[in-house]
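Peer 1: Take this structure, written in structure tokens, and hold onto it; I'll ask about it next.
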Amino acid sequence: MNLQPGNLLALEEAAARIPPGHCRAAVALLLMGEDAARASVLLMRRAEREGDRWSGQISLPGGHMERTDRDLCATACRETYEEVGIELPPSALLGALPPLQAVAAGRPLETTILPLVFPLEEPPTPSLGPEAREAFWFPLEQARSGALDSRHHTAEGTSHPAWDFEGRRIWGLTYRILSCWLMNDPAF
């Protein structure tokens, strides 16, 4: 894949932007395609689990940093393997988008998520772990074109931009991260 780092940050620079005291998390943007504009990204539907505020939603593979993770790249690689069975070598990391503070029910959480970009040469076959119900490739070119544009209405009465793709709704943090990638603009 021919990707240019563009506005991507080095891992250390991006991690330094996470506020002190925040829980740290990382997600992996696994990109397949000729270039950034025509790439597809691997998304997953989270398993339905009681107590999981993002239960059943579409997300990027990833999760919270554990004490045994040497850095957030190791977190993204570990979580990707646990959730979708794909082994990512840390050396495949292209760079990071700016970190994002997690939000739930319209309230900021003390968790910051670092999106990490991994271009892939060959399409891996996902093998779902217990936290994932399905995995699929999402076409970024269709999202950029506006053909998938939609709105997501929450139980709290708020409305958010979204994409509808083959019966799946992509919104919230995943929408924000992918929009940032598509705009090649780290300012949200």
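In the structure tokens, each chain is lettered A, B, ... as it comes, each chain's residues begin at 1, and ligands are numbered from 1 in order of appearance.
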Which parts of segment 26-180 of chain A does DSSP call strand (DSSP E or B) when run on the backbone here, written out as a PyMOL selection string?
Peer 2: chain A and resi 26-32+35+40-46+58-59+62-64+95-96+100-104+107-119+132-139+149-153+159-165+168-171
Peer 1: Just asking: which residues within chain A are alpha helix (DSSP H) according to DSSP, as a ChimeraX atom specification?
Peer 2: /A:11-16,72-84,140-145,172-183
Peer 1: Could you write out that same residue set with N, CA and C atoms as a short mmCIF file (atom, residue, chain, number, x, y, z; two decimals), in the first residue's frame?
Peer 2:
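Produced file out.cif, reproduced below:
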data_model
loop_
_atom_site.label_atom_id
_atom_site.label_comp_id
_atom_site.auth_asym_id
_atom_site.auth_seq_id
_atom_site.Cartn_x
_atom_site.Cartn_y
_atom_site.Cartn_z
N LEU A 11 4.80 7.79 17.52
CA LEU A 11 4.14 7.18 18.69
C LEU A 11 4.45 7.96 19.97
N GLU A 12 5.70 8.29 20.19
CA GLU A 12 6.10 8.97 21.43
C GLU A 12 5.46 10.36 21.52
N GLU A 13 5.44 11.09 20.40
CA GLU A 13 4.84 12.43 20.39
C GLU A 13 3.35 12.35 20.68
N ALA A 14 2.66 11.41 20.06
CA ALA A 14 1.22 11.26 20.28
C ALA A 14 0.92 10.85 21.71
N ALA A 15 1.68 9.90 22.24
CA ALA A 15 1.46 9.44 23.61
C ALA A 15 1.70 10.56 24.62
N ALA A 16 2.63 11.45 24.32
CA ALA A 16 2.92 12.58 25.23
C ALA A 16 1.75 13.55 25.32
N LEU A 72 1.88 1.99 23.84
CA LEU A 72 0.54 1.88 23.26
C LEU A 72 0.52 1.11 21.94
N CYS A 73 1.66 1.02 21.26
CA CYS A 73 1.73 0.17 20.07
C CYS A 73 1.56 -1.29 20.50
N ALA A 74 2.22 -1.69 21.57
CA ALA A 74 2.07 -3.06 22.09
C ALA A 74 0.61 -3.31 22.50
N THR A 75 -0.05 -2.29 23.04
CA THR A 75 -1.47 -2.43 23.41
C THR A 75 -2.31 -2.70 22.18
N ALA A 76 -2.12 -1.89 21.13
CA ALA A 76 -2.90 -2.07 19.90
C ALA A 76 -2.64 -3.44 19.28
N CYS A 77 -1.40 -3.87 19.26
CA CYS A 77 -1.06 -5.18 18.69
C CYS A 77 -1.68 -6.31 19.51
N ARG A 78 -1.57 -6.25 20.82
CA ARG A 78 -2.14 -7.27 21.70
C ARG A 78 -3.65 -7.34 21.54
N GLU A 79 -4.31 -6.19 21.61
CA GLU A 79 -5.77 -6.16 21.52
C GLU A 79 -6.26 -6.63 20.14
N THR A 80 -5.55 -6.28 19.08
CA THR A 80 -5.94 -6.72 17.74
C THR A 80 -5.87 -8.24 17.66
N TYR A 81 -4.84 -8.82 18.23
CA TYR A 81 -4.73 -10.28 18.23
C TYR A 81 -5.84 -10.92 19.08
N GLU A 82 -6.10 -10.35 20.26
CA GLU A 82 -7.14 -10.90 21.14
C GLU A 82 -8.53 -10.80 20.52
N GLU A 83 -8.82 -9.71 19.83
CA GLU A 83 -10.18 -9.47 19.33
C GLU A 83 -10.44 -10.06 17.95
N VAL A 84 -9.47 -9.94 17.04
CA VAL A 84 -9.72 -10.41 15.67
C VAL A 84 -8.66 -11.40 15.16
N LEU A 140 -13.37 3.02 2.74
CA LEU A 140 -13.22 4.44 3.07
C LEU A 140 -13.59 5.36 1.91
N GLU A 141 -13.38 4.91 0.68
CA GLU A 141 -13.74 5.73 -0.47
C GLU A 141 -15.26 5.98 -0.51
N GLN A 142 -16.05 4.98 -0.20
CA GLN A 142 -17.51 5.16 -0.15
C GLN A 142 -17.89 6.13 0.97
N ALA A 143 -17.23 6.01 2.11
CA ALA A 143 -17.51 6.93 3.22
C ALA A 143 -17.17 8.35 2.81
N ARG A 144 -16.02 8.54 2.18
CA ARG A 144 -15.60 9.88 1.76
C ARG A 144 -16.59 10.48 0.75
N SER A 145 -17.17 9.66 -0.11
CA SER A 145 -18.06 10.14 -1.18
C SER A 145 -19.39 10.68 -0.65
N GLY A 172 -19.96 7.66 16.51
CA GLY A 172 -19.20 7.90 17.74
C GLY A 172 -17.70 7.99 17.50
N LEU A 173 -16.93 7.39 18.40
CA LEU A 173 -15.47 7.47 18.34
C LEU A 173 -14.93 6.88 17.05
N THR A 174 -15.47 5.76 16.59
CA THR A 174 -14.99 5.15 15.35
C THR A 174 -15.22 6.10 14.18
N TYR A 175 -16.37 6.73 14.12
CA TYR A 175 -16.66 7.71 13.08
C TYR A 175 -15.67 8.88 13.16
N ARG A 176 -15.41 9.37 14.36
CA ARG A 176 -14.49 10.50 14.54
C ARG A 176 -13.08 10.16 14.07
N ILE A 177 -12.62 8.97 14.43
CA ILE A 177 -11.27 8.56 14.05
C ILE A 177 -11.16 8.42 12.54
N LEU A 178 -12.12 7.73 11.93
CA LEU A 178 -12.07 7.52 10.48
C LEU A 178 -12.26 8.82 9.71
N SER A 179 -13.08 9.72 10.22
CA SER A 179 -13.23 11.03 9.58
C SER A 179 -11.92 11.80 9.60
N CYS A 180 -11.22 11.73 10.71
CA CYS A 180 -9.91 12.38 10.82
C CYS A 180 -8.96 11.81 9.77
N TRP A 181 -8.95 10.50 9.62
CA TRP A 181 -8.09 9.88 8.62
C TRP A 181 -8.48 10.35 7.22
N LEU A 182 -9.78 10.37 6.93
CA LEU A 182 -10.24 10.75 5.60
C LEU A 182 -9.92 12.21 5.27
N MET A 183 -10.04 13.06 6.24
CA MET A 183 -9.76 14.49 6.02
C MET A 183 -8.28 14.79 6.00
#
Peer 1: Taking 2 positions as the minimum chain separation for residues in the same chain, which residues sit within 7 Å of segment 122-137 of chain A when counting only C-alpha atoms? Answer as a PyMOL selection string.
Peer 2: chain A and resi 32+40-47+82-86+120+139
Peer 1: Would you mind exporting the chosen residues as a PDB file, in the first residue's frame, restricted to C-alpha atoms?
Peer 2:
ATOM      1  CA  MET A  32      -5.776  -2.428   2.932  1.00  0.00           C
ATOM      2  CA  SER A  40     -10.559  -0.270   3.379  1.00  0.00           C
ATOM      3  CA  VAL A  41     -10.218  -0.483   7.150  1.00  0.00           C
ATOM      4  CA  LEU A  42     -10.955  -3.505   9.327  1.00  0.00           C
ATOM      5  CA  LEU A  43     -13.841  -2.879  11.724  1.00  0.00           C
ATOM      6  CA  MET A  44     -15.492  -5.206  14.203  1.00  0.00           C
ATOM      7  CA  ARG A  45     -18.832  -5.456  15.957  1.00  0.00           C
ATOM      8  CA  ARG A  46     -18.293  -5.795  19.680  1.00  0.00           C
ATOM      9  CA  ALA A  47     -19.918  -8.733  21.419  1.00  0.00           C
ATOM     10  CA  GLU A  82      -7.138 -10.901  21.143  1.00  0.00           C
ATOM     11  CA  GLU A  83     -10.178  -9.469  19.330  1.00  0.00           C
ATOM     12  CA  VAL A  84      -9.715 -10.410  15.665  1.00  0.00           C
ATOM     13  CA  GLY A  85      -6.803 -12.889  15.690  1.00  0.00           C
ATOM     14  CA  ILE A  86      -4.474 -10.787  13.534  1.00  0.00           C
ATOM     15  CA  LEU A 120      -1.163  -4.098   5.416  1.00  0.00           C
ATOM     16  CA  PRO A 139     -14.596   1.004   2.240  1.00  0.00           C
TER      17      PRO A 139
END
Peer 1: For a test of reading the model, state the distance in Å between atom CA of Ser59 of chain A and atom CA of Pro119 of chain A, rounded to one decimal.
Peer 2: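 So the two atoms, atom CA of Ser59 of chain A and atom CA of Pro119 of chain A, lie 17.6 Å apart.
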Peer 1: Please measure the separation of atom CA of His64 of chain A and atom CA of Leu116 of chain A, giving the value in Å to one decimal.
Peer 2: 13.5 Å
Peer 1: Of the candidates A:Cys23, A:Glu156, A:Glu110, A:Pro115, which one gets nearest to Pro98 of chain A if we count only C-alpha atoms?
Peer 2: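 Nearest candidate to Pro98 of chain A out of A:Cys23, A:Glu156, A:Glu110, A:Pro115: A:Pro115.
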